[in-house]
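Written out below as structure tokens is the structure these notes cover.
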Amino acid sequence: MKLEATAMSNYHKPVMLQQCVAGLNIDPEGIYVDATFGGGGHSLKILEELKGGKLMAFDQDKDSKHQAESIVSHSFTFCSANFMHLKRYLKLNGVSKVNGILADLGVSSHQIDSPERGFSTRFDGPLDMRMDKAISTTAATIVNEYSEIQLHKVFGMYGELKNAKTAARSIVQHRVSTPFVSTRDLKAALLPIAPRGKENKYFAQVFQALRIEVNDEMKALEDFLHQCGEVTKKDGRLVIMSYHSLEDRMVKNYMNKGKVFGDVEKDFYGNEIKPFKSITRKPIEASREEVEQNSRARSAKLRIAEKI
Ligand SMILES: C[S@@+](CC[C@H](N)C(=O)[O-])C[C@H]1O[C@@H](n2cnc3c(N)ncnc32)[C@H](O)[C@@H]1O
């Protein structure tokens with residue numbers, strides 16, 4: 001087995017590495033899934049713990065696939081796919097049940113730090129924001145083609161903008177004369193309505209909303225969570241790290257209630273019908289030392305559940 005850890009370190013620094021892997025409670029002969037390979041930091045650590053076991057990793061970004069090519073191991077399989085197809089890819093690989101699943105949601109440092117991907121508010125770049133470049137909707141499609149009502153909904157729901165309606169109207173008025181091309185165009189159009197002194201936070205919320213819509217992240221997460229319930233063995237672990245409240249709320253609800261929205265269902269006898277029991281009442285957060293070394297860890301919330 002050849003694991004080239006150094007090649008991966010610049011791509012993304014894994015967050016709460018020890019806590020995530022400990023959360024999986026690894027059986028060295030078990031089958032595990034890393035649903036968000038990224039630069040492979042978590043995958044490498046899981047592979048170190050396996051003896052006879054298997055790791056299947058997913059990522060929808062082709063850059064991540066290239067990273068995965070540096071892992072040469074019989075225990076490792078990479079699926080260049082959206083994790084919403086979890087069950088299908090497991091089946092294709094002859095796997096029906098797994099011992100544990102890890103998902104480290106959102107985007108990697110590599111994606112954020114690549115100006116040409118358009119994810120960052122810090123650089124000028126194209127309004128792209130696709131994790132999977134094969135999909136046709138980009139951030140430009142959304143800001144140039146969505147109706148005012150659709151934009152209002154996207155900014156309100158996914159960016160939690162207080163002035164989502166005003167933002168939608170500004171975009172629609174601006175694009176009549178000049179369609180949006182770059183992230184700089186978008187920021188310039190929204191600057192007059194951004195709260196004074198909090199412009200960066202405001203743009204981060206706008207970009208988050210667009211990224212979630214472009215990549216249909218909420219739908220992917222919901223489909224994925226339900227499949228985790230179907231494919232995890234009894235006593236197997238689900239370990240999920242999220243970076244914003246919308247995701248964390250869905251994860252928490254699913255772990256506690258078996259549904260991303262609404263209340264737990266009960267059978268005829270009043271027993272709760274849910275696949276997992278949560279083993280972290282409150283989410284685990286990164287230590288101060290880790291946040292000092294890796295600012296991405298600041299907003300991370302880690303939740304762990306066990307299959308009933
Ligand atoms: C925070 S990074 C993961 C970093 C990784 N744990 C590491 O240590 O390098 C998230 C990764 O998940 C991928 N991703 C996000 N949503 C996805 C989805 N629905 N399906 C597959 N990959 C996804 C992104 O492309 C990105 O590479």
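In the structure tokens, chains take letters A, B, ... by order of appearance, with residues numbered from 1 within each chain and ligands from 1 in the order shown.
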Quiz prompt | Close residues to ligand 1 using only C-alpha atoms and all ligand atoms, limit 8 Å, as a VMD selection string | solution = chain A and resid 8 11 to 15 17 34 to 43 58 to 61 64 80 to 84 103 to 109 111 131 to 132 215 217 220 to 221
Those residues you just picked out, can you put them in a file as a compact mmCIF listing (two decimals), in the first residue's frame with N, CA and C atoms?
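File again.txt, as written:
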# COMPACT_ATOMS: atom_id res chain seq x y z
N MET A 8 -1.05 15.51 -0.55
CA MET A 8 -2.41 15.95 -0.29
C MET A 8 -2.46 17.18 0.62
N TYR A 11 -3.74 20.60 -0.57
CA TYR A 11 -5.09 20.62 -1.16
C TYR A 11 -6.13 21.05 -0.13
N HIS A 12 -6.04 20.42 1.03
CA HIS A 12 -7.02 20.73 2.09
C HIS A 12 -6.49 20.19 3.41
N LYS A 13 -6.57 21.00 4.44
CA LYS A 13 -6.14 20.53 5.76
C LYS A 13 -7.37 19.93 6.44
N PRO A 14 -7.36 18.63 6.73
CA PRO A 14 -8.58 18.03 7.29
C PRO A 14 -8.94 18.61 8.65
N VAL A 15 -10.22 18.80 8.87
CA VAL A 15 -10.73 19.38 10.12
C VAL A 15 -11.12 18.24 11.08
N LEU A 17 -9.65 15.83 12.45
CA LEU A 17 -9.28 14.53 11.89
C LEU A 17 -9.43 13.39 12.91
N ASP A 34 -16.05 7.29 2.78
CA ASP A 34 -15.75 8.72 2.96
C ASP A 34 -16.51 9.39 1.81
N ALA A 35 -17.62 10.04 2.14
CA ALA A 35 -18.51 10.58 1.11
C ALA A 35 -17.97 11.84 0.45
N THR A 36 -16.96 12.45 1.07
CA THR A 36 -16.43 13.74 0.59
C THR A 36 -14.90 13.68 0.63
N PHE A 37 -14.30 13.03 -0.33
CA PHE A 37 -12.86 12.76 -0.32
C PHE A 37 -12.02 14.03 -0.27
N GLY A 38 -12.36 15.04 -1.06
CA GLY A 38 -11.59 16.31 -1.08
C GLY A 38 -10.14 16.05 -1.41
N GLY A 39 -9.24 16.38 -0.47
CA GLY A 39 -7.82 16.10 -0.66
C GLY A 39 -7.42 14.78 -0.04
N GLY A 40 -8.34 14.08 0.55
CA GLY A 40 -8.09 12.73 1.05
C GLY A 40 -7.54 12.64 2.47
N GLY A 41 -7.51 13.75 3.19
CA GLY A 41 -6.95 13.73 4.55
C GLY A 41 -7.66 12.71 5.45
N HIS A 42 -8.99 12.73 5.46
CA HIS A 42 -9.72 11.79 6.32
C HIS A 42 -9.59 10.37 5.78
N SER A 43 -9.62 10.24 4.45
CA SER A 43 -9.52 8.90 3.86
C SER A 43 -8.21 8.22 4.24
N PHE A 58 -16.03 9.02 -2.14
CA PHE A 58 -16.79 9.73 -3.18
C PHE A 58 -16.32 11.18 -3.26
N ASP A 59 -16.34 11.74 -4.44
CA ASP A 59 -16.27 13.19 -4.60
C ASP A 59 -16.74 13.50 -6.01
N GLN A 60 -17.50 14.59 -6.12
CA GLN A 60 -18.04 14.94 -7.44
C GLN A 60 -17.11 15.87 -8.21
N ASP A 61 -16.00 16.29 -7.59
CA ASP A 61 -15.08 17.22 -8.24
C ASP A 61 -13.94 16.43 -8.89
N SER A 64 -10.54 16.41 -7.29
CA SER A 64 -10.42 15.49 -6.18
C SER A 64 -10.10 14.07 -6.69
N SER A 80 -16.11 8.64 -8.60
CA SER A 80 -16.15 10.03 -9.05
C SER A 80 -17.62 10.40 -9.25
N ALA A 81 -18.29 10.67 -8.14
CA ALA A 81 -19.76 10.83 -8.22
C ALA A 81 -20.27 11.66 -7.05
N ASN A 82 -21.49 12.14 -7.23
CA ASN A 82 -22.20 12.83 -6.16
C ASN A 82 -22.60 11.79 -5.11
N PHE A 83 -22.48 12.14 -3.82
CA PHE A 83 -22.82 11.16 -2.79
C PHE A 83 -24.32 10.85 -2.73
N MET A 84 -25.11 11.62 -3.50
CA MET A 84 -26.54 11.28 -3.54
C MET A 84 -26.77 9.95 -4.27
N ALA A 103 -18.99 12.09 6.34
CA ALA A 103 -19.16 13.17 5.35
C ALA A 103 -18.68 14.47 5.97
N ASP A 104 -17.78 15.13 5.25
CA ASP A 104 -17.21 16.41 5.68
C ASP A 104 -17.71 17.40 4.63
N LEU A 105 -18.87 18.01 4.92
CA LEU A 105 -19.64 18.69 3.88
C LEU A 105 -19.00 19.99 3.39
N GLY A 106 -19.57 20.51 2.29
CA GLY A 106 -19.13 21.82 1.80
C GLY A 106 -18.01 21.73 0.79
N VAL A 107 -17.22 22.79 0.72
CA VAL A 107 -16.15 22.86 -0.27
C VAL A 107 -14.78 22.75 0.40
N SER A 108 -13.80 22.34 -0.40
CA SER A 108 -12.43 22.19 0.13
C SER A 108 -11.69 23.52 0.00
N SER A 109 -10.56 23.61 0.69
CA SER A 109 -9.71 24.81 0.57
C SER A 109 -9.24 24.96 -0.88
N GLN A 111 -10.81 24.19 -3.58
CA GLN A 111 -11.88 24.79 -4.40
C GLN A 111 -12.01 26.29 -4.10
N MET A 131 -19.23 22.36 -8.25
CA MET A 131 -18.27 21.36 -7.78
C MET A 131 -18.05 20.33 -8.89
N ASP A 132 -19.13 19.99 -9.57
CA ASP A 132 -19.06 19.05 -10.68
C ASP A 132 -19.23 19.85 -11.96
N ASN A 215 -25.23 23.76 -6.74
CA ASN A 215 -24.89 22.35 -6.54
C ASN A 215 -26.04 21.54 -5.93
N GLU A 217 -27.33 21.47 -3.07
CA GLU A 217 -26.71 20.80 -1.92
C GLU A 217 -27.71 20.26 -0.90
N ALA A 220 -29.19 17.02 -2.28
CA ALA A 220 -28.18 15.95 -2.26
C ALA A 220 -28.01 15.43 -0.83
N LEU A 221 -27.97 16.35 0.14
CA LEU A 221 -27.77 15.94 1.53
C LEU A 221 -28.97 15.12 2.03
Exercise. Write out as a PyMOL selection string which residues come within 10 Å of segment 188-191 of chain A when counting only C-alpha atoms, dropping same-chain ones fewer than 4 positions away.
Key: chain A and resi 166-168+170-171+173-175+180+183-184+195-196+199-200+202-203+206
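If you look at atom CA of Asp124 of chain A and atom CA of Met218 of chain A, they are 26.4 Å away from each other.
The space separating atom CA of Val239 of chain A from atom CA of Phe119 of chain A comes to 25.5 Å.
Taking atom CA of Lys91 of chain A as the reference point, atom CA of Glu48 of chain A is found at 24.6 Å.
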Quiz item: Between A:Phe78, A:Phe276, A:Phe155, A:Phe123, which is the closest to Lys233 of chain A once you count only C-alpha atoms?
Solution: A:Phe276
Practice problem: Within 12 Å of segment 243-250 of chain A, counting only C-alpha atoms, which residues show up once you throw out same-chain ones fewer than 5 positions away? Write them as an MDAnalysis selection string, please. | Solution: chainID A and resid 15 103:108 156:160 204:205 208:209 212 217:226 255:262 282:286 295:304
Selected residues, N, CA and C atoms, written as a short mmCIF file (atom, residue, chain, number, x, y, z; two decimals), in the first residue's frame, please.
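Output contents, as saved in out.cif:
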data_model
loop_
_atom_site.label_atom_id
_atom_site.label_comp_id
_atom_site.auth_asym_id
_atom_site.auth_seq_id
_atom_site.Cartn_x
_atom_site.Cartn_y
_atom_site.Cartn_z
N VAL A 15 -10.22 18.80 8.87
CA VAL A 15 -10.73 19.38 10.12
C VAL A 15 -11.12 18.24 11.08
N ALA A 103 -18.99 12.09 6.34
CA ALA A 103 -19.16 13.17 5.35
C ALA A 103 -18.68 14.47 5.97
N ASP A 104 -17.78 15.13 5.25
CA ASP A 104 -17.21 16.41 5.68
C ASP A 104 -17.71 17.40 4.63
N LEU A 105 -18.87 18.01 4.92
CA LEU A 105 -19.64 18.69 3.88
C LEU A 105 -19.00 19.99 3.39
N GLY A 106 -19.57 20.51 2.29
CA GLY A 106 -19.13 21.82 1.80
C GLY A 106 -18.01 21.73 0.79
N VAL A 107 -17.22 22.79 0.72
CA VAL A 107 -16.15 22.86 -0.27
C VAL A 107 -14.78 22.75 0.40
N SER A 108 -13.80 22.34 -0.40
CA SER A 108 -12.43 22.19 0.13
C SER A 108 -11.69 23.52 0.00
N GLY A 156 -32.97 34.20 0.58
CA GLY A 156 -33.62 34.12 1.90
C GLY A 156 -33.36 32.77 2.55
N MET A 157 -33.58 31.71 1.77
CA MET A 157 -33.48 30.36 2.35
C MET A 157 -32.04 29.92 2.58
N TYR A 158 -31.20 30.09 1.59
CA TYR A 158 -29.85 29.52 1.65
C TYR A 158 -28.78 30.49 2.15
N GLY A 159 -29.06 31.81 2.03
CA GLY A 159 -28.07 32.78 2.52
C GLY A 159 -28.53 33.41 3.82
N GLU A 160 -29.82 33.20 4.15
CA GLU A 160 -30.43 33.81 5.33
C GLU A 160 -30.18 35.32 5.35
N ALA A 204 -20.30 36.82 1.80
CA ALA A 204 -20.13 35.39 2.10
C ALA A 204 -21.51 34.69 2.11
N GLN A 205 -22.51 35.38 2.66
CA GLN A 205 -23.86 34.80 2.70
C GLN A 205 -24.45 34.68 1.28
N GLN A 208 -22.65 31.86 -0.45
CA GLN A 208 -23.11 30.58 0.10
C GLN A 208 -24.45 30.18 -0.53
N ALA A 209 -25.35 31.16 -0.62
CA ALA A 209 -26.68 30.87 -1.18
C ALA A 209 -26.55 30.39 -2.63
N ILE A 212 -25.03 26.84 -2.83
CA ILE A 212 -25.98 25.79 -2.44
C ILE A 212 -26.96 25.52 -3.58
N GLU A 217 -27.33 21.47 -3.07
CA GLU A 217 -26.71 20.80 -1.92
C GLU A 217 -27.71 20.26 -0.90
N MET A 218 -28.83 20.96 -0.72
CA MET A 218 -29.79 20.50 0.30
C MET A 218 -30.46 19.20 -0.14
N LYS A 219 -30.79 19.13 -1.42
CA LYS A 219 -31.44 17.93 -1.95
C LYS A 219 -30.46 16.74 -1.89
N ALA A 220 -29.19 17.02 -2.28
CA ALA A 220 -28.18 15.95 -2.26
C ALA A 220 -28.01 15.43 -0.83
N LEU A 221 -27.97 16.35 0.14
CA LEU A 221 -27.77 15.94 1.53
C LEU A 221 -28.97 15.12 2.03
N GLU A 222 -30.16 15.56 1.70
CA GLU A 222 -31.36 14.85 2.15
C GLU A 222 -31.38 13.42 1.58
N ASP A 223 -31.14 13.31 0.28
CA ASP A 223 -31.14 11.96 -0.35
C ASP A 223 -30.06 11.08 0.26
N PHE A 224 -28.90 11.68 0.46
CA PHE A 224 -27.76 10.95 1.02
C PHE A 224 -28.07 10.43 2.42
N LEU A 225 -28.61 11.31 3.27
CA LEU A 225 -28.88 10.91 4.66
C LEU A 225 -29.83 9.70 4.70
N HIS A 226 -30.86 9.75 3.87
CA HIS A 226 -31.81 8.63 3.88
C HIS A 226 -31.15 7.33 3.43
N MET A 255 -30.52 12.63 12.44
CA MET A 255 -29.95 11.72 13.46
C MET A 255 -30.93 11.50 14.62
N ASN A 256 -31.67 12.55 14.98
CA ASN A 256 -32.58 12.44 16.13
C ASN A 256 -33.96 11.91 15.76
N LYS A 257 -34.39 12.22 14.54
CA LYS A 257 -35.79 11.95 14.19
C LYS A 257 -35.99 11.08 12.95
N GLY A 258 -34.89 10.77 12.26
CA GLY A 258 -35.01 9.94 11.06
C GLY A 258 -35.55 10.69 9.87
N LYS A 259 -35.68 12.00 10.01
CA LYS A 259 -36.19 12.85 8.92
C LYS A 259 -35.44 14.16 8.95
N VAL A 260 -35.21 14.76 7.78
CA VAL A 260 -34.50 16.05 7.82
C VAL A 260 -35.43 17.19 8.23
N PHE A 261 -36.72 17.02 7.94
CA PHE A 261 -37.71 18.03 8.37
C PHE A 261 -38.83 17.30 9.09
N GLY A 262 -39.44 17.95 10.06
CA GLY A 262 -40.62 17.39 10.72
C GLY A 262 -40.27 16.47 11.87
N LYS A 282 -24.76 17.38 21.82
CA LYS A 282 -24.39 18.67 21.23
C LYS A 282 -23.30 18.40 20.19
N PRO A 283 -23.22 19.23 19.15
CA PRO A 283 -22.16 18.98 18.16
C PRO A 283 -20.77 19.21 18.75
N ILE A 284 -19.81 18.42 18.28
CA ILE A 284 -18.42 18.59 18.71
C ILE A 284 -17.82 19.74 17.88
N GLU A 285 -17.07 20.61 18.54
CA GLU A 285 -16.44 21.72 17.82
C GLU A 285 -14.92 21.60 17.93
N ALA A 286 -14.23 22.25 17.02
CA ALA A 286 -12.76 22.17 17.01
C ALA A 286 -12.18 22.94 18.20
N SER A 295 -8.32 28.15 10.05
CA SER A 295 -9.52 28.97 10.28
C SER A 295 -10.80 28.28 9.78
N ARG A 296 -10.67 27.38 8.82
CA ARG A 296 -11.85 26.65 8.32
C ARG A 296 -12.54 25.84 9.41
N ALA A 297 -11.76 25.50 10.45
CA ALA A 297 -12.32 24.66 11.52
C ALA A 297 -13.29 25.44 12.40
N ARG A 298 -13.27 26.79 12.29
CA ARG A 298 -14.04 27.63 13.21
C ARG A 298 -15.53 27.30 13.21
N SER A 299 -16.09 27.11 12.03
CA SER A 299 -17.54 26.92 11.97
C SER A 299 -17.95 25.45 11.93
N ALA A 300 -16.97 24.54 12.04
CA ALA A 300 -17.29 23.11 11.89
C ALA A 300 -18.10 22.57 13.07
N LYS A 301 -19.13 21.79 12.73
CA LYS A 301 -19.93 21.12 13.76
C LYS A 301 -20.00 19.65 13.40
N LEU A 302 -19.52 18.83 14.34
CA LEU A 302 -19.43 17.39 14.07
C LEU A 302 -20.49 16.65 14.88
N ARG A 303 -21.26 15.84 14.18
CA ARG A 303 -22.29 15.03 14.87
C ARG A 303 -22.08 13.56 14.54
N ILE A 304 -22.33 12.73 15.52
CA ILE A 304 -22.11 11.29 15.36
C ILE A 304 -23.37 10.54 15.79
#
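Listed by chain and then by rising number, the residues of segment 45-106 of chain A that DSSP assigns to helix (DSSP H, G or I) from the backbone are Lys45, Ile46, Leu47, Glu48, Glu49, Lys62, Asp63, Ser64, Lys65, His66, Gln67, Ala68, Phe83, Met84, His85, Leu86, Lys87, Arg88, Tyr89, Leu90, Lys91 and Leu92 of chain A.
The residues of segment 191-304 of chain A that DSSP classifies as strand (DSSP E or B), using the backbone of this structure, are Thr232, Lys233, Lys234, Asp235, Gly236, Arg237, Leu238, Val239, Ile240, Met241, Ser242, Glu265, Lys266, Glu272, Ile273, Phe276, Lys277, Ser278, Ile284, Lys301, Leu302, Arg303 and Ile304 of chain A.
Nearest residue to Gln293 of chain A, choosing from A:Met16, A:Leu44, A:Leu186, A:Met129 and counting only C-alpha atoms: A:Met16.
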